[in-house]
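Asker: Questions regarding the structure given below will be posed in turn.
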Amino acid sequence: MQTTVGIIGGGPTGLLLSYLLDGLGIDNEVLERRSRAHVEARVRAGQLDHASVMYLRRIGVAARLDAEGLPQKGMNLRFRDRTRRIDLEALTGGAYCTIYGQSALTKDLISIQTEAGHSPTYEVSDVCLEVSSDTSAAIVYRKDGGEHRLNCRFIVGCDGAHGVTRAFLNSGTPQSARHLPFSWIGLLSDTPPISRELTYVYHPEGFALWSMRSPAVSRTYLQCARDDRLEDWSDDRFWTEFSRRMGPETDIRPGPTTERVMVRMQGYVAACMQRGNVMVAGDAGHIVPPSAAKGLNMAIADVADLVGAFKALLFEDQGDALEAYGRSAMRRAWLGQYLSWRMTDLLHSPPDGNPFENEIKLTQLDALVSCPGRLREFCDSYVGKEALA
Ligand code: APR
Ligand code: PHB
């Protein structure tokens with residue numbers, strides 16, 4: 001088989017890239033390790049930045065997002081046993097976030113591509129990159145017991161944090177990573193949210209977040225010990241602890257849990273985002289701690305940028321467009337790390353419960369909410385105001 005762009009990974013990054021390349025008439029094929037059902041069922045963070053929503057609308061994939069997404073024009077910040085509403089819309093001059101599950105966006109993209117007759121090839125295995133020159137490469141893989149070869153001019157790794165492309169590009173170079181000494185336990189449950197807007201809690205015992213997926217479904221997270229396992233957290237223990245961190249005035253009536261997840265808090269940036277005709281986008285290039293829900297938004301920004309680079313290279317003869325993508329993707333990855341770590345640091349308590357550290361955190365939070373300039377700057381980066389390419 002022959003194509004122009006071979007895409008490894010059919011998560012949101014690979015699907016969006018394929019959709020946009022199709023729109024430009026650039027031949028591409030997506031190879032995905034898992035089944036369609038598995039990809040559709042994967043539950044991840046669910047908040048889209050302002051710029052991401054505007055972009056998804058502009059490229060024509062936001063019909064369901066507009067109908068079912070939950071606008072977050074403000075957010076609640078709770079500390080010192082008091083909840084303060086932060087008016088994101090007013091502080092940013094009109095920008096805000098939207099709650100829309102990553103799996104919903106993934107399903108939308110899969111169904112748009114399926115209707116257009118261009119679905120990923122699912123359930124491939126033993127994917128391997130072969131690069132012979134800057135204009136010629138191949139992806140070798142197995143499917144249904146046979147070996148296949150996809151000859152292509154470019155390879156884009158959208159294969160996430162554990163894919164093969166990240167390893168291929170990184171070979172021999174030191175990795176840039178940071179691991180935190182705590183994790184998150186998250187529950188998806190049929191519990192109506194306590195508020196239409198997200199509530200972030202800083203408590204000396206740890207962070208808590210009340211998010212949602214719909215008016216009937218909540219997504220709630222708690223900071224827990226780094227090596228905790230899901231079986232350490234019964235629903236009962238989770239909600240008792242959640243209620244302690246939220247404060248007694250919140251009347252919590254949890255419904256049945258439908259999904260549970262343990263999230264390790266870590267950040268990673270690939271040693272390089274592009275070499276010759278091989279690039280990475282999305283989680284293959286960077287992962288961030290989920291505190292500011294930036295992961296999917298960074299992936300969307302990568303794709304917007306990369307599609308612009310392909311257009312410049314293939315239609316406008318701009319020979320260095322992919323190198324330029326490599327550089328801007330690297331800057332974006334570090335900016336995303338910076339925003340995610342800042343929010344992580346602001347809202348998590350030290351695992352040893354050090355009272356000095358606790359007072360520093362509270363003072364930091366006081367300083368944030370009492371200084372309009374600081375708060376505006378925080379809100380601008382939280383909502384992701386900047387327009388995408
Ligand atoms: N061959 C083929 N496919 C692969 C391989 C491989 N060797 N390795 C991984 N994949 C597939 C995975 O099965 C998955 O479907 O690549 C896809 C990567 O998808 P994601 O992990 O969702 O990454 P991405 O599409 O970049 O999405 C970024 O995911 O983790 C969140 O916070 C992150 O929201 C962000 C989003
Ligand atoms: C989520 O709904 O999963 C979510 C929302 C906001 C965050 C993190 C996670 O900051």
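Please note that chains go A, B, ... in the order of the structure tokens, that every chain numbers its residues from 1, and that ligands are numbered from 1 in the order shown.
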Output the neighbourhood of ligand 2 as a VMD selection string, that is, all protein and nucleic acid residues with some atom at most 7 Å from the ligand, counting only C-alpha atoms and all ligand atoms.

Answerer: chain A and resid 44 to 47 99 211 to 213 219 290 to 293

Asker: Give me the chain A side of the contact with ligand 1, cut-off 8 Å, one line per residue showing its nearest atom pair and distance in Å at one decimal, counting only C-alpha atoms and all ligand atoms, sorted by chain and residue number, as JSON lines.

Answerer:
{"residue": "A:Ile8", "atom": "CA", "partner": "ligand 1", "partner_atom_place_in_ligand_line": "2 (C)", "distance": 5.1}
{"residue": "A:Gly9", "atom": "CA", "partner": "ligand 1", "partner_atom_place_in_ligand_line": "16 (O)", "distance": 3.3}
{"residue": "A:Gly10", "atom": "CA", "partner": "ligand 1", "partner_atom_place_in_ligand_line": "15 (O)", "distance": 4.8}
{"residue": "A:Gly11", "atom": "CA", "partner": "ligand 1", "partner_atom_place_in_ligand_line": "25 (O)", "distance": 3.5}
{"residue": "A:Pro12", "atom": "CA", "partner": "ligand 1", "partner_atom_place_in_ligand_line": "25 (O)", "distance": 4.1}
{"residue": "A:Thr13", "atom": "CA", "partner": "ligand 1", "partner_atom_place_in_ligand_line": "25 (O)", "distance": 3.9}
{"residue": "A:Gly14", "atom": "CA", "partner": "ligand 1", "partner_atom_place_in_ligand_line": "25 (O)", "distance": 5.7}
{"residue": "A:Leu15", "atom": "CA", "partner": "ligand 1", "partner_atom_place_in_ligand_line": "25 (O)", "distance": 7.6}
{"residue": "A:Leu31", "atom": "CA", "partner": "ligand 1", "partner_atom_place_in_ligand_line": "2 (C)", "distance": 5.5}
{"residue": "A:Glu32", "atom": "CA", "partner": "ligand 1", "partner_atom_place_in_ligand_line": "3 (N)", "distance": 3.9}
{"residue": "A:Arg33", "atom": "CA", "partner": "ligand 1", "partner_atom_place_in_ligand_line": "3 (N)", "distance": 3.9}
{"residue": "A:Arg34", "atom": "CA", "partner": "ligand 1", "partner_atom_place_in_ligand_line": "13 (O)", "distance": 5.0}
{"residue": "A:Val39", "atom": "CA", "partner": "ligand 1", "partner_atom_place_in_ligand_line": "15 (O)", "distance": 5.5}
{"residue": "A:Arg42", "atom": "CA", "partner": "ligand 1", "partner_atom_place_in_ligand_line": "22 (O)", "distance": 7.9}
{"residue": "A:Arg44", "atom": "CA", "partner": "ligand 1", "partner_atom_place_in_ligand_line": "31 (C)", "distance": 6.2}
{"residue": "A:Ala45", "atom": "CA", "partner": "ligand 1", "partner_atom_place_in_ligand_line": "34 (O)", "distance": 6.2}
{"residue": "A:Gly46", "atom": "CA", "partner": "ligand 1", "partner_atom_place_in_ligand_line": "34 (O)", "distance": 7.8}
{"residue": "A:Gln102", "atom": "CA", "partner": "ligand 1", "partner_atom_place_in_ligand_line": "34 (O)", "distance": 6.4}
{"residue": "A:Glu123", "atom": "CA", "partner": "ligand 1", "partner_atom_place_in_ligand_line": "2 (C)", "distance": 7.9}
{"residue": "A:Val124", "atom": "CA", "partner": "ligand 1", "partner_atom_place_in_ligand_line": "2 (C)", "distance": 6.4}
{"residue": "A:Ser125", "atom": "CA", "partner": "ligand 1", "partner_atom_place_in_ligand_line": "1 (N)", "distance": 6.3}
{"residue": "A:Asp126", "atom": "CA", "partner": "ligand 1", "partner_atom_place_in_ligand_line": "7 (N)", "distance": 6.7}
{"residue": "A:Val127", "atom": "CA", "partner": "ligand 1", "partner_atom_place_in_ligand_line": "7 (N)", "distance": 5.2}
{"residue": "A:Cys128", "atom": "CA", "partner": "ligand 1", "partner_atom_place_in_ligand_line": "7 (N)", "distance": 7.7}
{"residue": "A:Cys158", "atom": "CA", "partner": "ligand 1", "partner_atom_place_in_ligand_line": "26 (O)", "distance": 5.2}
{"residue": "A:Asp159", "atom": "CA", "partner": "ligand 1", "partner_atom_place_in_ligand_line": "16 (O)", "distance": 3.3}
{"residue": "A:Gly160", "atom": "CA", "partner": "ligand 1", "partner_atom_place_in_ligand_line": "21 (O)", "distance": 3.9}
{"residue": "A:Ala161", "atom": "CA", "partner": "ligand 1", "partner_atom_place_in_ligand_line": "21 (O)", "distance": 6.3}
{"residue": "A:His162", "atom": "CA", "partner": "ligand 1", "partner_atom_place_in_ligand_line": "8 (N)", "distance": 5.9}
{"residue": "A:Gly163", "atom": "CA", "partner": "ligand 1", "partner_atom_place_in_ligand_line": "8 (N)", "distance": 3.7}
{"residue": "A:Val164", "atom": "CA", "partner": "ligand 1", "partner_atom_place_in_ligand_line": "7 (N)", "distance": 5.0}
{"residue": "A:Thr165", "atom": "CA", "partner": "ligand 1", "partner_atom_place_in_ligand_line": "7 (N)", "distance": 7.8}
{"residue": "A:Ala281", "atom": "CA", "partner": "ligand 1", "partner_atom_place_in_ligand_line": "26 (O)", "distance": 6.4}
{"residue": "A:Gly282", "atom": "CA", "partner": "ligand 1", "partner_atom_place_in_ligand_line": "26 (O)", "distance": 3.6}
{"residue": "A:Asp283", "atom": "CA", "partner": "ligand 1", "partner_atom_place_in_ligand_line": "26 (O)", "distance": 3.9}
{"residue": "A:Ala284", "atom": "CA", "partner": "ligand 1", "partner_atom_place_in_ligand_line": "26 (O)", "distance": 5.9}
{"residue": "A:Ile287", "atom": "CA", "partner": "ligand 1", "partner_atom_place_in_ligand_line": "32 (O)", "distance": 6.6}
{"residue": "A:Val288", "atom": "CA", "partner": "ligand 1", "partner_atom_place_in_ligand_line": "32 (O)", "distance": 7.1}
{"residue": "A:Pro290", "atom": "CA", "partner": "ligand 1", "partner_atom_place_in_ligand_line": "32 (O)", "distance": 6.9}
{"residue": "A:Ala293", "atom": "CA", "partner": "ligand 1", "partner_atom_place_in_ligand_line": "32 (O)", "distance": 7.2}
{"residue": "A:Lys294", "atom": "CA", "partner": "ligand 1", "partner_atom_place_in_ligand_line": "32 (O)", "distance": 6.8}
{"residue": "A:Gly295", "atom": "CA", "partner": "ligand 1", "partner_atom_place_in_ligand_line": "32 (O)", "distance": 3.5}
{"residue": "A:Leu296", "atom": "CA", "partner": "ligand 1", "partner_atom_place_in_ligand_line": "34 (O)", "distance": 3.2}
{"residue": "A:Asn297", "atom": "CA", "partner": "ligand 1", "partner_atom_place_in_ligand_line": "34 (O)", "distance": 7.0}
{"residue": "A:Met298", "atom": "CA", "partner": "ligand 1", "partner_atom_place_in_ligand_line": "35 (C)", "distance": 7.5}
{"residue": "A:Ala299", "atom": "CA", "partner": "ligand 1", "partner_atom_place_in_ligand_line": "28 (C)", "distance": 5.5}

Asker: Find the residues around Arg245 of chain A up to 8 Å (only C-alpha atoms counted), leave out those fewer than 6 positions away in its own chain, and share them as a VMD selection string.

Answerer: chain A and resid 201 to 203 205 to 208

Asker: Would you write out those residues with all heavy atoms, as an mmCIF file, in the first residue's frame?

Answerer:
data_model
loop_
_atom_site.group_PDB
_atom_site.id
_atom_site.type_symbol
_atom_site.label_atom_id
_atom_site.label_comp_id
_atom_site.auth_asym_id
_atom_site.auth_seq_id
_atom_site.Cartn_x
_atom_site.Cartn_y
_atom_site.Cartn_z
ATOM 1 N N VAL A 201 -10.663 22.085 44.681
ATOM 2 C CA VAL A 201 -10.508 22.233 46.130
ATOM 3 C C VAL A 201 -9.057 22.058 46.548
ATOM 4 O O VAL A 201 -8.424 21.054 46.197
ATOM 5 C CB VAL A 201 -11.343 21.156 46.875
ATOM 6 C CG1 VAL A 201 -11.247 21.340 48.387
ATOM 7 C CG2 VAL A 201 -12.789 21.172 46.422
ATOM 8 N N TYR A 202 -8.545 23.042 47.283
ATOM 9 C CA TYR A 202 -7.278 22.815 47.981
ATOM 10 C C TYR A 202 -7.605 22.581 49.451
ATOM 11 O O TYR A 202 -8.266 23.403 50.091
ATOM 12 C CB TYR A 202 -6.309 24.011 47.863
ATOM 13 C CG TYR A 202 -5.116 23.769 48.755
ATOM 14 C CD1 TYR A 202 -4.112 22.907 48.362
ATOM 15 C CD2 TYR A 202 -5.054 24.302 50.047
ATOM 16 C CE1 TYR A 202 -3.061 22.590 49.204
ATOM 17 C CE2 TYR A 202 -4.005 23.996 50.899
ATOM 18 C CZ TYR A 202 -3.010 23.130 50.470
ATOM 19 O OH TYR A 202 -1.986 22.806 51.314
ATOM 20 N N HIS A 203 -7.138 21.462 49.983
ATOM 21 C CA HIS A 203 -7.381 21.109 51.380
ATOM 22 C C HIS A 203 -6.053 20.582 51.924
ATOM 23 O O HIS A 203 -5.296 19.943 51.176
ATOM 24 C CB HIS A 203 -8.478 20.026 51.430
ATOM 25 C CG HIS A 203 -8.928 19.670 52.803
ATOM 26 N ND1 HIS A 203 -8.261 18.746 53.572
ATOM 27 C CD2 HIS A 203 -9.980 20.109 53.536
ATOM 28 C CE1 HIS A 203 -8.888 18.643 54.739
ATOM 29 N NE2 HIS A 203 -9.939 19.454 54.744
ATOM 30 N N GLU A 205 -5.419 18.111 53.430
ATOM 31 C CA GLU A 205 -5.326 16.650 53.217
ATOM 32 C C GLU A 205 -5.160 16.295 51.747
ATOM 33 O O GLU A 205 -5.005 15.124 51.400
ATOM 34 C CB GLU A 205 -6.596 15.951 53.714
ATOM 35 C CG GLU A 205 -6.890 16.135 55.185
ATOM 36 C CD GLU A 205 -5.833 15.469 56.052
ATOM 37 O OE1 GLU A 205 -5.341 14.393 55.665
ATOM 38 O OE2 GLU A 205 -5.499 16.049 57.100
ATOM 39 N N GLY A 206 -5.294 17.299 50.870
ATOM 40 C CA GLY A 206 -5.114 17.004 49.443
ATOM 41 C C GLY A 206 -6.145 17.679 48.558
ATOM 42 O O GLY A 206 -7.177 18.170 49.021
ATOM 43 N N PHE A 207 -5.852 17.612 47.271
ATOM 44 C CA PHE A 207 -6.682 18.220 46.218
ATOM 45 C C PHE A 207 -7.972 17.410 46.014
ATOM 46 O O PHE A 207 -8.002 16.198 46.220
ATOM 47 C CB PHE A 207 -5.831 18.205 44.948
ATOM 48 C CG PHE A 207 -6.544 18.472 43.663
ATOM 49 C CD1 PHE A 207 -6.787 19.771 43.263
ATOM 50 C CD2 PHE A 207 -6.952 17.427 42.837
ATOM 51 C CE1 PHE A 207 -7.417 20.031 42.044
ATOM 52 C CE2 PHE A 207 -7.584 17.679 41.626
ATOM 53 C CZ PHE A 207 -7.817 18.974 41.234
ATOM 54 N N ALA A 208 -9.026 18.094 45.576
ATOM 55 C CA ALA A 208 -10.234 17.404 45.099
ATOM 56 C C ALA A 208 -10.799 18.216 43.937
ATOM 57 O O ALA A 208 -10.611 19.430 43.885
ATOM 58 C CB ALA A 208 -11.269 17.287 46.214
#
